[in-house]
$ cat my_file_17.cif   # mmCIF, C-alpha atoms
data_my_file
#
loop_
_atom_site.label_atom_id
_atom_site.label_comp_id
_atom_site.auth_asym_id
_atom_site.auth_seq_id
_atom_site.Cartn_x
_atom_site.Cartn_y
_atom_site.Cartn_z
CA MET L 29 -43.06 84.34 -22.74
CA LEU L 30 -45.66 87.05 -22.89
CA LYS L 31 -45.21 90.42 -21.25
CA ARG L 32 -48.05 92.74 -20.43
CA HIS L 33 -47.37 96.36 -19.58
CA ALA L 34 -50.52 96.73 -17.54
CA ARG L 35 -51.47 95.98 -14.00
CA ALA L 36 -51.54 92.25 -13.17
CA ALA L 37 -52.96 90.39 -10.25
CA CYS L 38 -53.90 86.81 -9.86
CA THR L 39 -55.23 84.72 -7.09
CA ALA L 40 -56.53 81.26 -7.11
CA LEU L 41 -58.70 79.19 -4.94
CA ALA L 42 -58.25 75.48 -4.85
CA ALA L 43 -59.91 73.15 -2.37
CA ALA L 44 -60.12 69.39 -2.25
CA GLY L 45 -62.07 66.82 -0.24
CA LEU L 46 -65.28 65.01 0.67
CA LEU L 47 -67.60 65.16 3.67
CA LEU L 48 -67.67 61.57 4.87
CA ALA L 49 -70.10 60.26 7.44
CA GLY L 50 -67.45 58.08 9.02
CA THR L 51 -64.54 55.75 8.49
CA GLY L 52 -63.94 52.17 9.34
CA GLY L 53 -61.24 49.81 10.53
CA ALA L 54 -57.77 51.06 11.25
CA ILE L 55 -58.46 54.30 9.43
CA ALA L 56 -61.23 55.21 11.86
CA ASP L 57 -58.91 54.54 14.79
CA SER L 58 -56.25 56.89 13.40
CA ALA L 59 -58.61 59.65 12.24
CA PRO L 60 -60.63 61.12 15.10
CA ALA L 61 -63.94 62.63 14.10
CA THR L 62 -62.89 66.01 15.52
CA PRO L 63 -61.48 68.30 14.49
CA SER L 64 -62.60 67.63 10.94
CA ALA L 65 -60.48 68.46 7.91
CA ALA L 66 -62.96 71.19 6.99
CA THR L 67 -62.49 72.76 10.42
CA THR L 68 -58.70 72.51 10.17
CA LEU L 69 -58.69 74.16 6.74
CA ARG L 70 -61.32 76.74 7.79
CA THR L 71 -63.51 76.20 4.73
CA ALA L 72 -66.38 78.01 6.47
CA ASP L 73 -64.32 81.22 6.26
CA ALA L 74 -64.49 81.37 2.45
CA PRO L 75 -65.29 85.00 1.54
CA PRO L 76 -68.46 85.90 -0.41
CA GLU L 77 -66.53 87.02 -3.48
CA LEU L 78 -64.86 83.64 -3.72
CA LEU L 79 -68.20 81.87 -3.42
CA ALA L 80 -69.62 84.20 -6.08
CA ALA L 81 -66.78 83.36 -8.46
CA MET L 82 -67.37 79.64 -7.90
CA GLY L 83 -71.04 80.25 -8.63
CA ARG L 84 -70.32 82.00 -11.90
CA ASP L 85 -67.77 79.50 -13.21
CA LEU L 86 -68.95 76.24 -11.62
CA GLY L 87 -72.70 76.92 -11.56
CA LEU L 88 -73.02 76.68 -7.77
CA THR L 89 -75.17 78.54 -5.31
CA PRO L 90 -73.28 79.99 -2.31
CA THR L 91 -74.60 77.13 -0.17
CA GLN L 92 -73.44 74.56 -2.71
CA ALA L 93 -70.04 76.24 -2.97
CA GLU L 94 -69.63 76.15 0.81
CA ALA L 95 -70.61 72.49 0.86
CA ARG L 96 -68.18 71.70 -1.94
CA LEU L 97 -65.25 73.27 -0.11
CA ALA L 98 -66.07 71.26 3.01
CA HIS L 99 -66.49 68.03 1.02
CA GLU L 100 -63.19 68.59 -0.76
CA ALA L 101 -61.32 69.13 2.51
CA GLU L 102 -62.64 65.87 3.93
CA ALA L 103 -61.89 63.96 0.73
CA GLY L 104 -58.33 65.28 0.66
CA ALA L 105 -57.73 63.95 4.17
CA THR L 106 -59.38 60.60 3.41
CA ALA L 107 -57.42 60.17 0.19
CA ALA L 108 -54.20 60.97 2.01
CA ARG L 109 -54.89 58.32 4.66
CA LEU L 110 -55.69 55.75 2.00
CA ARG L 111 -52.58 56.64 -0.01
CA ASP L 112 -50.54 56.05 3.12
CA ARG L 113 -52.28 52.72 3.76
CA LEU L 114 -52.13 51.41 0.18
CA GLY L 115 -48.47 52.21 -0.31
CA ALA L 116 -47.00 51.09 -3.63
CA ALA L 117 -50.40 49.90 -4.92
CA PHE L 118 -51.89 53.41 -4.81
CA ALA L 119 -52.94 54.56 -8.29
CA GLY L 120 -54.42 58.00 -7.65
CA ALA L 121 -57.55 59.65 -6.22
CA TRP L 122 -60.05 62.22 -7.39
CA VAL L 123 -63.38 63.81 -6.51
CA ASP L 124 -66.46 64.03 -8.73
CA GLY L 125 -69.88 65.65 -8.62
CA ALA L 126 -71.04 69.25 -8.53
CA ASP L 127 -70.52 69.28 -4.76
CA ALA L 128 -67.38 67.08 -4.87
CA GLY L 129 -69.43 64.52 -2.96
CA THR L 130 -67.78 61.42 -4.44
CA LEU L 131 -64.20 60.40 -3.74
CA THR L 132 -62.69 57.62 -5.86
CA VAL L 133 -59.43 55.92 -4.94
CA ALA L 134 -57.65 53.65 -7.44
CA THR L 135 -55.46 50.69 -6.54
CA THR L 136 -53.70 47.86 -8.36
CA ARG L 137 -54.42 45.41 -5.54
CA ALA L 138 -57.88 43.84 -5.36
CA ALA L 139 -57.53 43.20 -1.64
CA ASP L 140 -57.51 46.97 -1.02
CA THR L 141 -61.02 47.63 -2.29
CA ALA L 142 -62.73 46.72 0.98
CA ALA L 143 -60.61 49.17 2.96
CA ILE L 144 -61.27 51.92 0.41
CA ARG L 145 -65.04 51.40 0.64
CA ALA L 146 -64.87 51.23 4.44
CA ALA L 147 -63.33 54.70 4.39
CA GLY L 148 -66.36 56.03 2.51
CA ALA L 149 -64.76 56.19 -0.95
CA ARG L 150 -65.39 54.38 -4.20
CA ALA L 151 -62.74 51.83 -5.16
CA LYS L 152 -61.38 51.44 -8.68
CA LEU L 153 -59.14 48.49 -9.56
CA VAL L 154 -56.58 49.37 -12.25
CA THR L 155 -53.46 47.84 -13.78
CA ARG L 156 -50.84 50.59 -13.34
CA THR L 157 -49.64 52.27 -10.17
CA LEU L 158 -49.27 56.03 -9.93
CA ALA L 159 -45.54 55.58 -9.31
CA ALA L 160 -45.09 53.50 -12.48
CA LEU L 161 -46.87 56.05 -14.66
CA ASP L 162 -44.91 58.88 -13.07
CA ALA L 163 -41.72 57.02 -13.95
CA ASP L 164 -42.89 56.84 -17.58
CA ARG L 165 -43.56 60.57 -17.53
CA ALA L 166 -40.06 61.27 -16.24
CA VAL L 167 -38.60 59.35 -19.20
CA LEU L 168 -40.68 61.40 -21.65
CA ASP L 169 -39.72 64.65 -19.92
CA ARG L 170 -36.08 64.13 -20.84
CA ALA L 171 -36.87 63.88 -24.55
CA ALA L 172 -39.95 66.08 -24.99
CA GLY L 173 -39.91 69.19 -27.14
CA PRO L 174 -42.20 72.08 -28.03
CA ALA L 175 -44.48 69.85 -30.13
CA THR L 176 -45.31 67.69 -27.07
CA PRO L 177 -45.49 70.44 -24.47
CA VAL L 178 -47.53 68.77 -21.70
CA ARG L 179 -47.28 65.35 -20.04
CA TYR L 180 -49.20 64.16 -16.98
CA VAL L 181 -50.70 61.10 -15.32
CA ASP L 182 -54.49 60.91 -15.54
CA PRO L 183 -55.68 58.72 -12.62
CA ARG L 184 -59.20 58.49 -14.04
CA SER L 185 -58.02 56.69 -17.19
CA ASN L 186 -54.95 55.13 -15.52
CA THR L 187 -52.80 56.33 -18.41
CA LEU L 188 -50.03 58.80 -19.12
CA VAL L 189 -51.39 61.68 -21.21
CA VAL L 190 -49.23 63.42 -23.81
CA GLU L 191 -50.56 66.60 -25.41
CA GLU L 192 -49.28 67.37 -28.91
CA THR L 193 -49.52 70.45 -31.10
CA GLU L 194 -48.53 68.60 -34.27
CA ALA L 195 -49.94 65.32 -35.60
CA GLY L 196 -47.51 62.47 -34.98
CA ALA L 197 -45.37 64.35 -32.46
CA ALA L 198 -46.46 62.18 -29.52
CA ALA L 199 -45.96 58.96 -31.49
CA ALA L 200 -42.43 60.06 -32.37
CA LEU L 201 -41.70 60.84 -28.71
CA LEU L 202 -42.96 57.43 -27.60
CA ALA L 203 -40.90 55.67 -30.24
CA ALA L 204 -37.77 57.64 -29.34
CA THR L 205 -38.09 56.73 -25.66
CA GLY L 206 -39.33 53.16 -26.08
CA THR L 207 -42.55 53.93 -24.21
CA ASP L 208 -45.43 51.47 -24.64
CA PRO L 209 -48.21 53.30 -26.57
CA GLY L 210 -50.76 51.19 -24.70
CA ARG L 211 -49.94 53.12 -21.53
CA VAL L 212 -50.42 56.51 -23.18
CA THR L 213 -53.37 58.68 -24.23
CA VAL L 214 -52.55 61.28 -26.89
CA VAL L 215 -54.50 64.55 -26.90
CA ARG L 216 -54.24 67.11 -29.69
CA ILE L 217 -54.20 70.75 -28.53
CA ALA L 218 -54.46 73.86 -30.67
CA GLU L 219 -52.11 76.03 -28.64
CA ALA L 220 -49.01 75.32 -26.57
CA PRO L 221 -48.79 76.77 -23.04
CA ARG L 222 -46.60 79.82 -22.47
CA PRO L 223 -45.61 81.75 -19.36
CA LEU L 224 -48.19 84.42 -18.56
CA TYR L 225 -46.21 87.59 -17.98
CA ASP L 226 -47.58 90.16 -16.84
CA LEU L 227 -47.69 92.91 -0.31
CA ARG L 228 -50.81 91.30 -1.10
CA GLY L 229 -51.15 88.24 -3.24
CA GLY L 230 -52.42 89.07 -6.70
CA ASP L 231 -51.27 92.69 -6.77
CA ALA L 232 -49.22 93.74 -9.78
CA TYR L 233 -45.50 94.41 -9.67
CA TYR L 234 -43.07 95.51 -12.34
CA MET L 235 -39.63 94.13 -13.15
CA ASN L 236 -36.83 96.62 -13.88
CA GLY L 237 -39.53 99.21 -14.55
CA SER L 238 -41.00 97.36 -17.54
CA GLY L 239 -42.55 93.86 -17.65
CA ARG L 240 -45.37 93.04 -15.24
CA CYS L 241 -46.18 90.01 -13.10
CA SER L 242 -48.26 89.36 -9.97
CA VAL L 243 -47.40 88.84 -6.33
CA GLY L 244 -47.93 85.20 -5.40
CA PHE L 245 -48.05 84.98 -1.61
CA PRO L 246 -46.58 87.36 0.97
CA VAL L 247 -43.87 85.68 3.06
CA THR L 248 -41.21 86.48 5.62
CA LYS L 249 -37.64 85.29 6.02
CA GLY L 250 -36.50 86.24 9.47
CA SER L 251 -37.29 89.95 9.76
CA THR L 252 -37.37 90.44 5.98
CA HIS L 253 -40.74 90.80 4.24
CA GLY L 254 -41.34 89.76 0.65
CA PHE L 255 -43.32 87.45 -1.59
CA ALA L 256 -43.18 84.21 -3.57
CA THR L 257 -43.78 84.40 -7.31
CA ALA L 258 -42.93 82.74 -10.63
CA GLY L 259 -39.29 82.23 -11.61
CA HIS L 260 -39.82 83.26 -15.21
CA CYS L 261 -40.72 86.77 -14.06
CA GLY L 262 -37.15 87.66 -13.08
CA ARG L 263 -33.66 86.55 -12.10
CA ALA L 264 -31.69 87.17 -8.90
CA GLY L 265 -30.94 90.88 -8.81
CA THR L 266 -33.93 91.95 -10.91
CA THR L 267 -35.43 95.02 -9.23
CA THR L 268 -39.16 95.43 -8.68
CA SER L 269 -41.64 98.23 -8.15
CA GLY L 270 -45.12 97.77 -6.77
CA PHE L 271 -48.57 98.17 -8.26
CA ASN L 272 -48.21 101.89 -7.49
CA GLN L 273 -44.80 102.08 -9.25
CA VAL L 274 -43.05 102.75 -5.91
CA ALA L 275 -39.67 101.00 -5.47
CA GLN L 276 -40.40 97.66 -3.85
CA GLY L 277 -37.42 95.27 -3.70
CA SER L 278 -35.46 92.73 -5.73
CA PHE L 279 -35.42 89.05 -6.67
CA GLN L 280 -33.28 87.07 -4.24
CA ALA L 281 -33.43 83.71 -6.02
CA SER L 282 -35.13 82.32 -9.11
CA VAL L 283 -35.41 79.00 -10.94
CA PHE L 284 -36.75 78.70 -14.50
CA PRO L 285 -36.89 76.35 -16.36
CA GLY L 286 -36.76 73.13 -14.32
CA ASN L 287 -39.21 74.70 -11.87
CA ASP L 288 -40.94 78.08 -11.99
CA MET L 289 -40.22 79.56 -8.57
CA ALA L 290 -38.73 82.72 -7.13
CA TRP L 291 -38.94 85.07 -4.19
CA VAL L 292 -38.60 88.83 -3.88
CA ALA L 293 -37.33 90.60 -0.76
CA ALA L 294 -39.08 93.91 -0.19
CA ASN L 295 -37.63 97.09 1.27
CA THR L 296 -38.79 98.52 4.58
CA GLN L 297 -41.62 100.47 2.94
CA TRP L 298 -43.50 97.23 2.27
CA THR L 299 -45.08 94.87 4.79
CA SER L 300 -46.28 91.33 4.11
CA THR L 301 -49.98 90.71 4.83
CA PRO L 302 -51.89 87.42 5.11
CA TYR L 303 -54.13 88.25 2.17
CA VAL L 304 -54.62 87.82 -1.54
CA LYS L 305 -56.54 90.32 -3.61
CA GLY L 306 -60.11 89.16 -4.08
CA SER L 307 -62.97 90.22 -6.30
CA GLY L 308 -63.43 93.97 -6.28
CA GLY L 309 -60.17 94.37 -4.36
CA ALA L 310 -61.46 92.72 -1.18
CA ASN L 311 -58.96 90.90 1.02
CA THR L 312 -59.10 87.10 1.05
CA GLN L 313 -57.46 85.50 4.09
CA VAL L 314 -54.69 82.92 3.84
CA THR L 315 -54.55 80.44 6.74
CA GLY L 316 -52.30 77.65 5.43
CA SER L 317 -50.79 75.83 2.47
CA VAL L 318 -52.40 72.39 2.26
CA LEU L 319 -52.33 71.26 -1.38
CA GLN L 320 -55.70 69.88 -2.52
CA PRO L 321 -56.43 66.80 -4.71
CA VAL L 322 -57.44 66.19 -8.31
CA GLY L 323 -61.02 67.22 -9.05
CA ALA L 324 -61.13 69.94 -6.42
CA SER L 325 -62.40 73.42 -7.19
CA VAL L 326 -59.81 76.11 -7.79
CA CYS L 327 -60.20 79.84 -8.37
CA ARG L 328 -57.82 82.52 -9.58
CA SER L 329 -57.89 86.31 -9.49
CA GLY L 330 -55.84 88.46 -11.84
CA SER L 331 -55.80 92.12 -12.71
CA THR L 332 -55.98 91.20 -16.39
CA THR L 333 -58.94 88.84 -16.14
CA GLY L 334 -60.45 89.11 -12.65
CA TRP L 335 -61.72 86.11 -10.70
CA HIS L 336 -62.13 82.80 -12.50
CA CYS L 337 -62.71 79.30 -11.19
CA GLY L 338 -62.35 75.73 -12.38
CA THR L 339 -60.95 72.46 -11.09
CA ILE L 340 -57.59 70.84 -10.46
CA GLN L 341 -56.92 68.37 -13.25
CA GLN L 342 -53.54 66.83 -12.39
CA HIS L 343 -50.65 67.34 -10.02
CA ASN L 344 -47.00 66.72 -10.88
CA THR L 345 -47.45 67.76 -14.51
CA SER L 346 -44.53 68.50 -16.84
CA VAL L 347 -44.71 71.37 -19.33
CA THR L 348 -42.23 72.27 -22.04
CA TYR L 349 -42.18 75.99 -22.82
CA PRO L 350 -39.99 77.44 -25.58
CA GLU L 351 -37.47 78.28 -22.83
CA GLY L 352 -37.35 74.69 -21.49
CA THR L 353 -39.21 72.10 -19.43
CA ILE L 354 -40.66 72.63 -15.96
CA SER L 355 -41.85 69.73 -13.80
CA GLY L 356 -44.03 69.35 -10.74
CA VAL L 357 -46.65 71.93 -11.68
CA THR L 358 -50.41 71.50 -11.25
CA ARG L 359 -52.74 71.60 -14.27
CA THR L 360 -56.13 73.35 -13.89
CA THR L 361 -59.14 74.33 -15.98
CA VAL L 362 -58.94 77.94 -14.79
CA CYS L 363 -58.37 80.46 -17.57
CA ALA L 364 -55.71 83.17 -17.56
CA GLU L 365 -54.19 85.72 -19.89
CA PRO L 366 -50.93 87.66 -20.16
CA GLY L 367 -50.45 89.78 -17.07
CA ASP L 368 -51.62 87.10 -14.61
CA SER L 369 -48.26 85.32 -14.15
CA GLY L 370 -46.80 84.77 -10.70
CA GLY L 371 -50.06 85.37 -8.84
CA SER L 372 -51.90 83.40 -6.18
CA TYR L 373 -53.94 80.22 -6.38
CA ILE L 374 -55.91 79.63 -3.16
CA SER L 375 -58.31 76.90 -2.02
CA GLY L 376 -60.75 78.14 0.55
CA SER L 377 -58.14 79.78 2.72
CA GLN L 378 -55.32 77.39 1.74
CA ALA L 379 -52.53 78.75 -0.46
CA GLN L 380 -51.92 76.44 -3.43
CA GLY L 381 -49.30 77.95 -5.74
CA VAL L 382 -48.27 80.67 -8.16
CA THR L 383 -49.35 81.02 -11.78
CA SER L 384 -46.80 79.69 -14.24
CA GLY L 385 -48.43 79.64 -17.69
CA GLY L 386 -51.21 78.25 -19.80
CA SER L 387 -53.08 78.29 -23.07
CA GLY L 388 -56.37 79.73 -24.28
CA ASN L 389 -57.97 82.80 -22.77
CA CYS L 390 -60.86 83.86 -20.56
CA SER L 391 -63.24 84.44 -23.50
CA SER L 392 -63.13 80.97 -25.03
CA GLY L 393 -61.70 79.07 -22.03
CA GLY L 394 -58.26 77.77 -21.29
CA THR L 395 -55.85 75.71 -19.24
CA THR L 396 -53.37 76.99 -16.67
CA PHE L 397 -50.51 75.56 -14.63
CA PHE L 398 -49.38 76.64 -11.19
CA GLN L 399 -46.11 76.04 -9.39
CA PRO L 400 -47.05 74.60 -5.96
CA LEU L 401 -46.15 76.93 -3.11
CA ASN L 402 -44.76 74.50 -0.54
CA PRO L 403 -41.64 73.67 -2.61
CA ILE L 404 -40.94 77.42 -2.89
CA LEU L 405 -41.25 77.90 0.88
CA SER L 406 -38.99 74.91 1.50
CA ALA L 407 -36.36 75.78 -1.12
CA TYR L 408 -35.84 79.33 0.12
CA GLY L 409 -36.59 78.96 3.84
CA LEU L 410 -39.64 81.21 3.68
CA THR L 411 -42.58 81.44 6.07
CA LEU L 412 -46.02 81.97 4.58
CA LYS L 413 -47.84 84.95 6.09
CA VAL L 414 -51.11 83.64 7.51
CA SER L 415 -54.09 85.05 9.38
CA GLY L 416 -54.18 84.39 13.10
CA GLY L 417 -56.20 81.37 14.14
CA ASP L 418 -56.83 79.39 17.30
CA PRO L 419 -53.38 78.25 18.44
CA GLY L 420 -54.88 75.38 20.39
CA PRO L 421 -54.89 74.83 24.16
CA GLY L 422 -51.17 74.10 24.49
CA PRO L 423 -49.74 72.62 27.71
CA GLY L 424 -51.52 73.38 30.97
CA PRO L 425 -50.05 75.44 33.84
CA GLY L 426 -46.81 73.86 34.99
CA GLU L 427 -46.88 71.23 32.26
CA PRO L 428 -43.79 70.79 30.07
CA GLU L 429 -43.80 71.41 26.34
CA PRO L 430 -44.40 68.11 24.53
CA GLY L 431 -41.08 68.24 22.66
CA GLY L 432 -40.14 66.15 19.64
CA THR L 433 -38.96 66.87 16.12
CA TRP L 434 -42.13 68.59 14.85
CA LYS L 435 -41.52 72.31 14.37
CA ALA L 436 -43.79 75.15 13.30
CA GLY L 437 -42.60 76.81 10.08
CA THR L 438 -41.22 73.59 8.60
CA VAL L 439 -42.59 72.47 5.24
CA TYR L 440 -43.58 68.81 5.49
CA ALA L 441 -44.16 66.59 2.45
CA ALA L 442 -46.57 63.68 2.47
CA GLY L 443 -44.78 60.68 3.99
CA ALA L 444 -42.47 62.69 6.27
CA THR L 445 -42.30 61.49 9.89
CA VAL L 446 -41.94 63.50 13.09
CA THR L 447 -42.17 62.94 16.80
CA HIS L 448 -44.38 64.95 19.14
CA GLY L 449 -45.32 64.31 22.76
CA GLY L 450 -43.53 60.96 22.73
CA ALA L 451 -45.41 59.62 19.69
CA THR L 452 -44.43 59.28 16.04
CA TYR L 453 -46.58 60.75 13.26
CA ARG L 454 -46.51 60.49 9.47
CA CYS L 455 -47.53 63.45 7.30
CA LEU L 456 -50.62 62.80 5.14
CA GLN L 457 -50.88 66.07 3.16
CA GLY L 458 -48.02 68.40 2.34
CA HIS L 459 -48.15 71.73 4.23
CA GLN L 460 -46.15 74.30 6.16
CA ALA L 461 -46.61 73.65 9.88
CA GLN L 462 -48.15 76.36 12.04
CA PRO L 463 -48.75 76.85 15.77
CA GLY L 464 -52.00 75.05 16.55
CA TRP L 465 -51.34 72.47 13.84
CA GLU L 466 -49.41 70.11 16.12
CA PRO L 467 -49.85 66.50 14.90
CA PRO L 468 -52.33 65.37 17.60
CA ASN L 469 -54.55 68.38 16.79
CA VAL L 470 -54.91 67.87 13.04
CA PRO L 471 -55.72 64.29 12.01
CA ALA L 472 -56.41 65.60 8.49
CA LEU L 473 -52.68 66.29 8.19
CA TRP L 474 -50.96 63.71 10.47
CA GLN L 475 -51.36 59.96 11.08
CA ARG L 476 -50.08 58.46 14.33
CA VAL L 477 -47.87 55.43 13.65
#
$ encode --input "my_file_17.cif" --output "structure tokens"
Amino acid sequence: MLKRHARAACTALAAAGLLLAGTGGAIADSAPATPSAATTLRTADAPPELLAAMGRDLGLTPTQAEARLAHEAEAGATAARLRDRLGAAFAGAWVDGADAGTLTVATTRAADTAAIRAAGARAKLVTRTLAALDADRAVLDRAAGPATPVRYVDPRSNTLVVEETEAGAAAALLAATGTDPGRVTVVRIAEAPRPLYDLRGGDAYYMNGSGRCSVGFPVTKGSTHGFATAGHCGRAGTTTSGFNQVAQGSFQASVFPGNDMAWVAANTQWTSTPYVKGSGGANTQVTGSVLQPVGASVCRSGSTTGWHCGTIQQHNTSVTYPEGTISGVTRTTVCAEPGDSGGSYISGSQAQGVTSGGSGNCSSGGTTFFQPLNPILSAYGLTLKVSGGDPGPGPGPGEPEPGGTWKAGTVYAAGATVTHGGATYRCLQGHQAQPGWEPPNVPALWQRV
């Protein structure tokens, strides 16, 4: 782990999708044209500093950056519907192109390709399902060591990727676990990832008056205010002070390794806000927590390195740090340096996760990993602080509430089912439910079944 005794802040912006002209077949019936995914995720509200950072790091004009965020939102919703439809044959999805204008969905079943194309995506027929490759990764996770620090499924190549720091380390791991080398791509890396040590997301805080990390996302738990952050920054009972060195609160729970998640309860001097710290200190609004797909743009802001952008490379990645293995993190091309740990990744206005670790730096480039936020909210019963939006029309005068099992504040994973207004819905994209995001109102997030 690296500690930095200087101010740290980090935010990230990740968005995923594709602006599709229309859908076909059963998918069109279950995905009304309005409201669009881009409208639901409020991509048009992306602040100028975020668009500027995307321009610097991704070579986009502000107009192109705005278009990319909208495309990514639509692609995320389309990919989620197709994943639900393809079931066990699903082999991953990703976006390509400077504007994220091309969505590709992979399947192991030739009969699925027509449905994929009808939904406006490219179809790729492969031999291995995403579930099968994830199962291979889980086997490797149990035996991996520091010389094979990163394992993930690459849907583009339909292989399991193992990164090694020493020649022959990956081969030895495969032999020890009986994993077929034909299913694996080995990548040599010069540097192993490490945690990036270091109530507004991205602001610095200090642990026990010494080491520094960054606020992830402001949250509430009942009447208590606080924030989500990385588990490696502190253990339950660790005290914190804010960016201004004023007493702030203490860690209530922490997991590391295994995962890299924690939350800090603040004292009454601190109030959670629905913002992360943007370029130049400007506030960037947070309106939800919809995780975006592979290939989507993602930006990060830290007090050590400022705003930097890149793309999401893989979800559900496993990383072995010297302290142990963490699983379920997302791999990105965004750079970071010591002092950025724990801070916010955000896509458009959608919270993505908190910085865990990485390799490289922001001079020569690097790789980072973030712990997705939704599992933190779910594990600790936290509510993400979000900006107010349109709560929707709700029931008319004298009309009863629709009822059902759907509940605002609940974290729903893809595949979860709820009832609302007498109908059953299946979750397409993981998120924390909010007023106004009732299943009938957000076809980007819910599929009627």
$ closest_residue --input "my_file_17.cif" --among "L:Asp85, L:Ala461, L:Thr445, L:His253" --to "L:Val362" --atoms "all atoms listed in the file"
L:Asp85
$ resolve_selection --input "my_file_17.cif" --expression "the PyMOL selection byres ((chain L and resi 164) around 12)" --output "ChimeraX atom specification"
/L:156-163,165-171,179-181,187-190,201-202,205-209,211-212,346
$ atom_distance --input "my_file_17.cif" --atom1 "atom CA of L:Thr339" --atom2 "atom CA of L:Gly388"
15.7 Å
$ resolve_selection --input "my_file_17.cif" --expression "the PyMOL selection byres ((chain L and resi 219-234) around 7)" --output "number ranges by chain"
L: 29-33, 35-39, 177, 193, 217-218, 235-246, 261, 268-271, 298-301, 303-305, 329-330, 349, 365-369, 371-372, 384-387
$ residues_around --input "my_file_17.cif" --residues "stretch 403-406 of chain L" --least-positions-apart "5" --cutoff "10 Å" --atoms "only C-alpha atoms" --output "number ranges by chain"
L: 247-249, 256-258, 282-283, 287-291, 317, 356, 381-382, 411-412, 437-441, 458-460
